[in-house]
Amino acid sequence: GAHFFGSGLFFDAFSGAAGAEFFANSRYDAWCLHSVEFASADAARDRDTDPTGGAFLASLIDAATARNGSLPIATNLDVADDPHLAGRVAPYTIVGRVAILALLNADYTRARAPYYADRCIGHRRALVKALADIRGKPDVDLVVLVMYGVPAVDRADLGATTDAEAVSRLVEEFDEIDIVFTRTSELGTSSSTVDAVDVAWRRDWAGGR
């Protein structure tokens, strides 16, 4: 998504319009909000009429979802009463029998979108709420979590000093999570390579791998 919503010159040249059209035509089943989307909205927004960047980001989301209606995921972003993103961002999505969650990194978001960084709730609280809701859906066999870095406040809440340690503790605590997509640096030292992909195995408190 970064190439559609902020990386390089493609976004800047067309203010996101071309990228959103290509993204919509790709018909993704699931996609996650990242700090780059908020940074792009901050760069392109009208400073007088769009103080948070939410209106511009909402227009990008509308264009990107025009073909398939798949809302972006930000499990820990509270948009319930937000005038622009309410109804446009989902805490998770289900594709087939797979539930997909994504944690937005408030630290990365804060520099360009402090309003939305302040609307990020703690990782633990967000996962408890989303997983409780997913638990009531009988057709979900697999839960996937996407994350990119762990904010300092969440590392402290987990009693972790590094991102890798924080990710491990989340996996240990939430046994419903089956797969985590994250950066290689957050896999820790016990990772291995499988089909050119860095992989690390962890056990939750219930003993699941």
# chains A, B, ... in the order shown; residues from 1 in each chain; ligands from 1
$ residues_around --residues "A:Asn105" --least-positions-apart "5" --cutoff "8 Å" --atoms "only C-alpha atoms" --output "PyMOL selection string"
chain A and resi 34-35+147-151
$ residues_around --residues "A:Tyr28" --least-positions-apart "3" --cutoff "10 Å" --atoms "only C-alpha atoms" --output "MDAnalysis selection string"
chainID A and resid 23:25 31 64:65 67:71
$ write_last_selection --atoms "N, CA and C atoms" --output "PDB file, in the first residue's frame"
ATOM      1  N   PHE A  23      -5.175   1.175  -6.850  1.00  0.00           N
ATOM      2  CA  PHE A  23      -5.436   0.348  -5.675  1.00  0.00           C
ATOM      3  C   PHE A  23      -6.829  -0.260  -5.750  1.00  0.00           C
ATOM      4  N   ALA A  24      -7.808   0.555  -6.109  1.00  0.00           N
ATOM      5  CA  ALA A  24      -9.189   0.074  -6.220  1.00  0.00           C
ATOM      6  C   ALA A  24      -9.296  -1.027  -7.271  1.00  0.00           C
ATOM      7  N   ASN A  25      -8.623  -0.837  -8.395  1.00  0.00           N
ATOM      8  CA  ASN A  25      -8.687  -1.834  -9.470  1.00  0.00           C
ATOM      9  C   ASN A  25      -7.991  -3.132  -9.111  1.00  0.00           C
ATOM     10  N   TRP A  31      -6.658  -4.743   3.625  1.00  0.00           N
ATOM     11  CA  TRP A  31      -5.503  -3.835   3.664  1.00  0.00           C
ATOM     12  C   TRP A  31      -5.511  -3.084   4.978  1.00  0.00           C
ATOM     13  N   ALA A  64     -10.223   4.279  -2.898  1.00  0.00           N
ATOM     14  CA  ALA A  64      -9.565   2.977  -2.885  1.00  0.00           C
ATOM     15  C   ALA A  64     -10.548   1.830  -2.699  1.00  0.00           C
ATOM     16  N   THR A  65     -11.660   2.093  -2.045  1.00  0.00           N
ATOM     17  CA  THR A  65     -12.650   1.039  -1.782  1.00  0.00           C
ATOM     18  C   THR A  65     -13.800   1.058  -2.786  1.00  0.00           C
ATOM     19  N   ARG A  67     -14.155  -0.132  -5.706  1.00  0.00           N
ATOM     20  CA  ARG A  67     -14.401  -1.345  -6.491  1.00  0.00           C
ATOM     21  C   ARG A  67     -14.866  -2.540  -5.655  1.00  0.00           C
ATOM     22  N   ASN A  68     -14.335  -2.649  -4.429  1.00  0.00           N
ATOM     23  CA  ASN A  68     -14.660  -3.864  -3.667  1.00  0.00           C
ATOM     24  C   ASN A  68     -15.193  -3.600  -2.268  1.00  0.00           C
ATOM     25  N   GLY A  69     -15.111  -2.367  -1.795  1.00  0.00           N
ATOM     26  CA  GLY A  69     -15.683  -2.041  -0.496  1.00  0.00           C
ATOM     27  C   GLY A  69     -14.935  -2.580   0.698  1.00  0.00           C
ATOM     28  N   SER A  70     -13.721  -3.097   0.511  1.00  0.00           N
ATOM     29  CA  SER A  70     -12.932  -3.632   1.619  1.00  0.00           C
ATOM     30  C   SER A  70     -12.327  -2.479   2.410  1.00  0.00           C
ATOM     31  N   LEU A  71     -12.802  -2.273   3.640  1.00  0.00           N
ATOM     32  CA  LEU A  71     -12.340  -1.156   4.455  1.00  0.00           C
ATOM     33  C   LEU A  71     -10.924  -1.404   4.976  1.00  0.00           C
TER      34      LEU A  71
END
$ atom_distance --atom1 "atom CA of A:Phe38" --atom2 "atom CA of A:Gly96"
28.9 Å
$ closest_residue --among "A:Ala39, A:Cys32, A:Val95, A:Glu165" --to "A:Tyr108" --atoms "only C-alpha atoms"
A:Ala39
$ residues_around --residues "stretch 78-82 of chain A" --least-positions-apart "4" --cutoff "7 Å" --atoms "only C-alpha atoms" --output "NGL selection string"
:A and (86 or 119-121)
$ residues_around --residues "A:Leu101" --least-positions-apart "5" --cutoff "7 Å" --atoms "only C-alpha atoms" --output "list of chain:residue names"
A:Ile73, A:Thr75, A:Pro91, A:Tyr92, A:Thr93, A:Val144, A:Leu145, A:Val146
$ write_last_selection --atoms "N, CA and C atoms" --output "PDB file, in the first residue's frame"
ATOM      1  N   ILE A  73      -7.947  -1.631   7.708  1.00  0.00           N
ATOM      2  CA  ILE A  73      -7.971  -2.148   9.075  1.00  0.00           C
ATOM      3  C   ILE A  73      -7.037  -1.333   9.961  1.00  0.00           C
ATOM      4  N   THR A  75      -6.931  -1.857  14.041  1.00  0.00           N
ATOM      5  CA  THR A  75      -7.599  -2.451  15.195  1.00  0.00           C
ATOM      6  C   THR A  75      -7.602  -1.534  16.404  1.00  0.00           C
ATOM      7  N   PRO A  91     -11.964  -2.478  12.654  1.00  0.00           N
ATOM      8  CA  PRO A  91     -11.004  -3.056  13.608  1.00  0.00           C
ATOM      9  C   PRO A  91     -10.419  -4.383  13.112  1.00  0.00           C
ATOM     10  N   TYR A  92     -11.120  -5.032  12.204  1.00  0.00           N
ATOM     11  CA  TYR A  92     -10.624  -6.270  11.590  1.00  0.00           C
ATOM     12  C   TYR A  92     -11.486  -6.559  10.371  1.00  0.00           C
ATOM     13  N   THR A  93     -11.043  -7.497   9.574  1.00  0.00           N
ATOM     14  CA  THR A  93     -11.866  -7.964   8.462  1.00  0.00           C
ATOM     15  C   THR A  93     -11.730  -9.470   8.377  1.00  0.00           C
ATOM     16  N   VAL A 144      -4.943 -13.630  11.968  1.00  0.00           N
ATOM     17  CA  VAL A 144      -3.670 -13.060  11.530  1.00  0.00           C
ATOM     18  C   VAL A 144      -3.560 -11.633  12.059  1.00  0.00           C
ATOM     19  N   LEU A 145      -2.403 -11.303  12.620  1.00  0.00           N
ATOM     20  CA  LEU A 145      -2.151  -9.957  13.123  1.00  0.00           C
ATOM     21  C   LEU A 145      -1.023  -9.326  12.310  1.00  0.00           C
ATOM     22  N   VAL A 146      -1.245  -8.094  11.862  1.00  0.00           N
ATOM     23  CA  VAL A 146      -0.226  -7.334  11.135  1.00  0.00           C
ATOM     24  C   VAL A 146       0.200  -6.162  12.015  1.00  0.00           C
TER      25      VAL A 146
END
$ atom_distance --atom1 "atom CA of A:Val36" --atom2 "atom CA of A:Asp133"
28.0 Å
$ select_by_dssp --residues "stretch 58-168 of chain A" --states "strand (DSSP E or B)" --output "VMD selection string"
chain A and resid 72 to 73 77 90 92 to 95 98 to 103 120 142 to 147
$ write_last_selection --atoms "N, CA, C and O atoms" --output "PDB file, in the first residue's frame"
ATOM      1  N   PRO A  72     -10.135  -0.343   5.146  1.00  0.00           N
ATOM      2  CA  PRO A  72      -8.811  -0.512   5.741  1.00  0.00           C
ATOM      3  C   PRO A  72      -8.941  -0.912   7.215  1.00  0.00           C
ATOM      4  O   PRO A  72      -9.912  -0.546   7.881  1.00  0.00           O
ATOM      5  N   ILE A  73      -7.947  -1.631   7.708  1.00  0.00           N
ATOM      6  CA  ILE A  73      -7.971  -2.148   9.075  1.00  0.00           C
ATOM      7  C   ILE A  73      -7.037  -1.333   9.961  1.00  0.00           C
ATOM      8  O   ILE A  73      -5.892  -1.068   9.592  1.00  0.00           O
ATOM      9  N   LEU A  77      -7.330   1.890  16.415  1.00  0.00           N
ATOM     10  CA  LEU A  77      -7.686   3.284  16.147  1.00  0.00           C
ATOM     11  C   LEU A  77      -9.163   3.503  16.445  1.00  0.00           C
ATOM     12  O   LEU A  77     -10.032   2.896  15.821  1.00  0.00           O
ATOM     13  N   ALA A  90     -12.056  -0.256   9.791  1.00  0.00           N
ATOM     14  CA  ALA A  90     -12.569  -1.407  10.522  1.00  0.00           C
ATOM     15  C   ALA A  90     -11.528  -1.924  11.516  1.00  0.00           C
ATOM     16  O   ALA A  90     -10.327  -1.837  11.252  1.00  0.00           O
ATOM     17  N   TYR A  92     -11.120  -5.032  12.204  1.00  0.00           N
ATOM     18  CA  TYR A  92     -10.624  -6.270  11.590  1.00  0.00           C
ATOM     19  C   TYR A  92     -11.486  -6.559  10.371  1.00  0.00           C
ATOM     20  O   TYR A  92     -12.531  -5.939  10.165  1.00  0.00           O
ATOM     21  N   THR A  93     -11.043  -7.497   9.574  1.00  0.00           N
ATOM     22  CA  THR A  93     -11.866  -7.964   8.462  1.00  0.00           C
ATOM     23  C   THR A  93     -11.730  -9.470   8.377  1.00  0.00           C
ATOM     24  O   THR A  93     -10.742 -10.051   8.849  1.00  0.00           O
ATOM     25  N   ILE A  94     -12.720 -10.111   7.798  1.00  0.00           N
ATOM     26  CA  ILE A  94     -12.693 -11.567   7.650  1.00  0.00           C
ATOM     27  C   ILE A  94     -12.712 -11.896   6.169  1.00  0.00           C
ATOM     28  O   ILE A  94     -13.588 -11.450   5.424  1.00  0.00           O
ATOM     29  N   VAL A  95     -11.708 -12.648   5.745  1.00  0.00           N
ATOM     30  CA  VAL A  95     -11.588 -13.093   4.357  1.00  0.00           C
ATOM     31  C   VAL A  95     -11.675 -14.610   4.360  1.00  0.00           C
ATOM     32  O   VAL A  95     -10.790 -15.286   4.890  1.00  0.00           O
ATOM     33  N   VAL A  98     -10.545 -16.551   7.545  1.00  0.00           N
ATOM     34  CA  VAL A  98      -9.389 -15.909   8.181  1.00  0.00           C
ATOM     35  C   VAL A  98      -9.760 -14.503   8.662  1.00  0.00           C
ATOM     36  O   VAL A  98     -10.250 -13.681   7.880  1.00  0.00           O
ATOM     37  N   ALA A  99      -9.519 -14.227   9.938  1.00  0.00           N
ATOM     38  CA  ALA A  99      -9.711 -12.888  10.492  1.00  0.00           C
ATOM     39  C   ALA A  99      -8.376 -12.167  10.481  1.00  0.00           C
ATOM     40  O   ALA A  99      -7.352 -12.730  10.884  1.00  0.00           O
ATOM     41  N   ILE A 100      -8.375 -10.930  10.002  1.00  0.00           N
ATOM     42  CA  ILE A 100      -7.144 -10.152   9.888  1.00  0.00           C
ATOM     43  C   ILE A 100      -7.269  -8.890  10.734  1.00  0.00           C
ATOM     44  O   ILE A 100      -8.221  -8.116  10.596  1.00  0.00           O
ATOM     45  N   LEU A 101      -6.294  -8.686  11.632  1.00  0.00           N
ATOM     46  CA  LEU A 101      -6.233  -7.509  12.482  1.00  0.00           C
ATOM     47  C   LEU A 101      -4.943  -6.760  12.173  1.00  0.00           C
ATOM     48  O   LEU A 101      -3.980  -7.356  11.674  1.00  0.00           O
ATOM     49  N   ALA A 102      -4.893  -5.473  12.488  1.00  0.00           N
ATOM     50  CA  ALA A 102      -3.683  -4.685  12.257  1.00  0.00           C
ATOM     51  C   ALA A 102      -3.567  -3.605  13.330  1.00  0.00           C
ATOM     52  O   ALA A 102      -4.542  -2.913  13.626  1.00  0.00           O
ATOM     53  N   LEU A 103      -2.380  -3.485  13.898  1.00  0.00           N
ATOM     54  CA  LEU A 103      -2.131  -2.490  14.929  1.00  0.00           C
ATOM     55  C   LEU A 103      -1.355  -1.313  14.338  1.00  0.00           C
ATOM     56  O   LEU A 103      -0.255  -1.483  13.814  1.00  0.00           O
ATOM     57  N   CYS A 120      -5.306   6.409  19.143  1.00  0.00           N
ATOM     58  CA  CYS A 120      -4.888   5.009  19.194  1.00  0.00           C
ATOM     59  C   CYS A 120      -4.980   4.506  20.637  1.00  0.00           C
ATOM     60  O   CYS A 120      -4.422   5.114  21.547  1.00  0.00           O
ATOM     61  N   LEU A 142      -8.675 -19.053  11.503  1.00  0.00           N
ATOM     62  CA  LEU A 142      -7.309 -18.538  11.618  1.00  0.00           C
ATOM     63  C   LEU A 142      -7.364 -17.042  11.903  1.00  0.00           C
ATOM     64  O   LEU A 142      -8.171 -16.325  11.313  1.00  0.00           O
ATOM     65  N   VAL A 143      -6.499 -16.584  12.813  1.00  0.00           N
ATOM     66  CA  VAL A 143      -6.418 -15.157  13.133  1.00  0.00           C
ATOM     67  C   VAL A 143      -5.007 -14.666  12.806  1.00  0.00           C
ATOM     68  O   VAL A 143      -4.019 -15.210  13.291  1.00  0.00           O
ATOM     69  N   VAL A 144      -4.943 -13.630  11.968  1.00  0.00           N
ATOM     70  CA  VAL A 144      -3.670 -13.060  11.530  1.00  0.00           C
ATOM     71  C   VAL A 144      -3.560 -11.633  12.059  1.00  0.00           C
ATOM     72  O   VAL A 144      -4.511 -10.846  11.956  1.00  0.00           O
ATOM     73  N   LEU A 145      -2.403 -11.303  12.620  1.00  0.00           N
ATOM     74  CA  LEU A 145      -2.151  -9.957  13.123  1.00  0.00           C
ATOM     75  C   LEU A 145      -1.023  -9.326  12.310  1.00  0.00           C
ATOM     76  O   LEU A 145       0.023  -9.938  12.106  1.00  0.00           O
ATOM     77  N   VAL A 146      -1.245  -8.094  11.862  1.00  0.00           N
ATOM     78  CA  VAL A 146      -0.226  -7.334  11.135  1.00  0.00           C
ATOM     79  C   VAL A 146       0.200  -6.162  12.015  1.00  0.00           C
ATOM     80  O   VAL A 146      -0.644  -5.442  12.546  1.00  0.00           O
ATOM     81  N   MET A 147       1.498  -5.974  12.184  1.00  0.00           N
ATOM     82  CA  MET A 147       1.977  -4.855  12.984  1.00  0.00           C
ATOM     83  C   MET A 147       3.353  -4.421  12.494  1.00  0.00           C
ATOM     84  O   MET A 147       4.075  -5.191  11.853  1.00  0.00           O
TER      85      MET A 147
END
$ atom_distance --atom1 "atom CA of A:Ala113" --atom2 "atom CA of A:Pro51"
9.6 Å
$ decode --residues "stretch 115-126 of chain A" --atoms "all heavy atoms" --output "mmCIF file, in the first residue's frame"
data_model
loop_
_atom_site.group_PDB
_atom_site.id
_atom_site.type_symbol
_atom_site.label_atom_id
_atom_site.label_comp_id
_atom_site.auth_asym_id
_atom_site.auth_seq_id
_atom_site.Cartn_x
_atom_site.Cartn_y
_atom_site.Cartn_z
ATOM 1 N N TYR A 115 -3.394 14.145 15.992
ATOM 2 C CA TYR A 115 -4.800 13.940 16.370
ATOM 3 C C TYR A 115 -5.158 12.455 16.332
ATOM 4 O O TYR A 115 -5.796 11.932 17.254
ATOM 5 C CB TYR A 115 -5.703 14.743 15.429
ATOM 6 C CG TYR A 115 -7.181 14.438 15.574
ATOM 7 C CD1 TYR A 115 -7.926 15.014 16.594
ATOM 8 C CD2 TYR A 115 -7.827 13.573 14.685
ATOM 9 C CE1 TYR A 115 -9.282 14.738 16.728
ATOM 10 C CE2 TYR A 115 -9.179 13.297 14.816
ATOM 11 C CZ TYR A 115 -9.900 13.874 15.842
ATOM 12 O OH TYR A 115 -11.238 13.587 15.965
ATOM 13 N N TYR A 116 -4.742 11.777 15.281
ATOM 14 C CA TYR A 116 -5.073 10.356 15.155
ATOM 15 C C TYR A 116 -4.157 9.474 16.005
ATOM 16 O O TYR A 116 -4.581 8.411 16.465
ATOM 17 C CB TYR A 116 -5.066 9.928 13.686
ATOM 18 C CG TYR A 116 -6.282 10.457 12.959
ATOM 19 C CD1 TYR A 116 -6.172 11.490 12.040
ATOM 20 C CD2 TYR A 116 -7.548 9.969 13.251
ATOM 21 C CE1 TYR A 116 -7.300 12.006 11.401
ATOM 22 C CE2 TYR A 116 -8.680 10.477 12.632
ATOM 23 C CZ TYR A 116 -8.550 11.495 11.711
ATOM 24 O OH TYR A 116 -9.668 12.004 11.109
ATOM 25 N N ALA A 117 -2.943 9.917 16.247
ATOM 26 C CA ALA A 117 -2.073 9.172 17.165
ATOM 27 C C ALA A 117 -2.699 9.130 18.560
ATOM 28 O O ALA A 117 -2.640 8.111 19.253
ATOM 29 C CB ALA A 117 -0.691 9.810 17.214
ATOM 30 N N ASP A 118 -3.309 10.257 18.953
ATOM 31 C CA ASP A 118 -3.959 10.312 20.271
ATOM 32 C C ASP A 118 -5.220 9.448 20.327
ATOM 33 O O ASP A 118 -5.717 9.153 21.420
ATOM 34 C CB ASP A 118 -4.313 11.755 20.618
ATOM 35 C CG ASP A 118 -3.089 12.589 20.976
ATOM 36 O OD1 ASP A 118 -2.043 11.990 21.309
ATOM 37 O OD2 ASP A 118 -3.176 13.831 20.906
ATOM 38 N N ARG A 119 -5.746 9.057 19.186
ATOM 39 C CA ARG A 119 -6.940 8.214 19.150
ATOM 40 C C ARG A 119 -6.588 6.725 19.105
ATOM 41 O O ARG A 119 -7.489 5.880 19.011
ATOM 42 C CB ARG A 119 -7.820 8.592 17.956
ATOM 43 C CG ARG A 119 -8.368 10.007 18.023
ATOM 44 C CD ARG A 119 -9.378 10.258 16.913
ATOM 45 N NE ARG A 119 -10.627 9.581 17.183
ATOM 46 C CZ ARG A 119 -11.708 10.148 17.702
ATOM 47 N NH1 ARG A 119 -11.693 11.418 18.023
ATOM 48 N NH2 ARG A 119 -12.813 9.461 17.894
ATOM 49 N N CYS A 120 -5.306 6.409 19.143
ATOM 50 C CA CYS A 120 -4.888 5.009 19.194
ATOM 51 C C CYS A 120 -4.980 4.506 20.637
ATOM 52 O O CYS A 120 -4.422 5.114 21.547
ATOM 53 C CB CYS A 120 -3.454 4.851 18.698
ATOM 54 S SG CYS A 120 -3.244 5.078 16.920
ATOM 55 N N ILE A 121 -5.668 3.403 20.840
ATOM 56 C CA ILE A 121 -5.757 2.816 22.164
ATOM 57 C C ILE A 121 -4.647 1.777 22.313
ATOM 58 O O ILE A 121 -3.995 1.392 21.344
ATOM 59 C CB ILE A 121 -7.141 2.188 22.423
ATOM 60 C CG1 ILE A 121 -7.390 1.009 21.472
ATOM 61 C CG2 ILE A 121 -8.234 3.230 22.263
ATOM 62 C CD1 ILE A 121 -8.695 0.286 21.742
ATOM 63 N N GLY A 122 -4.409 1.331 23.539
ATOM 64 C CA GLY A 122 -3.329 0.390 23.799
ATOM 65 C C GLY A 122 -3.485 -0.912 23.027
ATOM 66 O O GLY A 122 -4.601 -1.355 22.747
ATOM 67 N N HIS A 123 -2.349 -1.517 22.678
ATOM 68 C CA HIS A 123 -2.379 -2.767 21.913
ATOM 69 C C HIS A 123 -3.184 -3.849 22.624
ATOM 70 O O HIS A 123 -4.005 -4.535 22.003
ATOM 71 C CB HIS A 123 -0.944 -3.262 21.680
ATOM 72 C CG HIS A 123 -0.233 -2.543 20.579
ATOM 73 N ND1 HIS A 123 -0.723 -1.399 19.997
ATOM 74 C CD2 HIS A 123 0.938 -2.812 19.943
ATOM 75 C CE1 HIS A 123 0.105 -0.998 19.045
ATOM 76 N NE2 HIS A 123 1.120 -1.826 18.996
ATOM 77 N N ARG A 124 -2.931 -4.032 23.913
ATOM 78 C CA ARG A 124 -3.638 -5.076 24.663
ATOM 79 C C ARG A 124 -5.142 -4.850 24.641
ATOM 80 O O ARG A 124 -5.915 -5.761 24.361
ATOM 81 C CB ARG A 124 -3.142 -5.095 26.108
ATOM 82 C CG ARG A 124 -2.030 -6.072 26.398
ATOM 83 C CD ARG A 124 -1.671 -5.976 27.850
ATOM 84 N NE ARG A 124 -0.832 -7.066 28.304
ATOM 85 C CZ ARG A 124 -0.017 -6.961 29.334
ATOM 86 N NH1 ARG A 124 0.067 -5.824 30.004
ATOM 87 N NH2 ARG A 124 0.711 -7.999 29.709
ATOM 88 N N ARG A 125 -5.546 -3.638 24.976
ATOM 89 C CA ARG A 125 -6.981 -3.316 25.035
ATOM 90 C C ARG A 125 -7.632 -3.532 23.672
ATOM 91 O O ARG A 125 -8.728 -4.092 23.580
ATOM 92 C CB ARG A 125 -7.156 -1.874 25.494
ATOM 93 C CG ARG A 125 -8.603 -1.417 25.569
ATOM 94 C CD ARG A 125 -8.666 0.049 25.960
ATOM 95 N NE ARG A 125 -9.996 0.601 25.742
ATOM 96 C CZ ARG A 125 -10.255 1.895 25.694
ATOM 97 N NH1 ARG A 125 -9.279 2.774 25.875
ATOM 98 N NH2 ARG A 125 -11.481 2.325 25.485
ATOM 99 N N ALA A 126 -6.951 -3.098 22.608
ATOM 100 C CA ALA A 126 -7.510 -3.239 21.262
ATOM 101 C C ALA A 126 -7.682 -4.708 20.894
ATOM 102 O O ALA A 126 -8.707 -5.098 20.317
ATOM 103 C CB ALA A 126 -6.596 -2.545 20.255
#
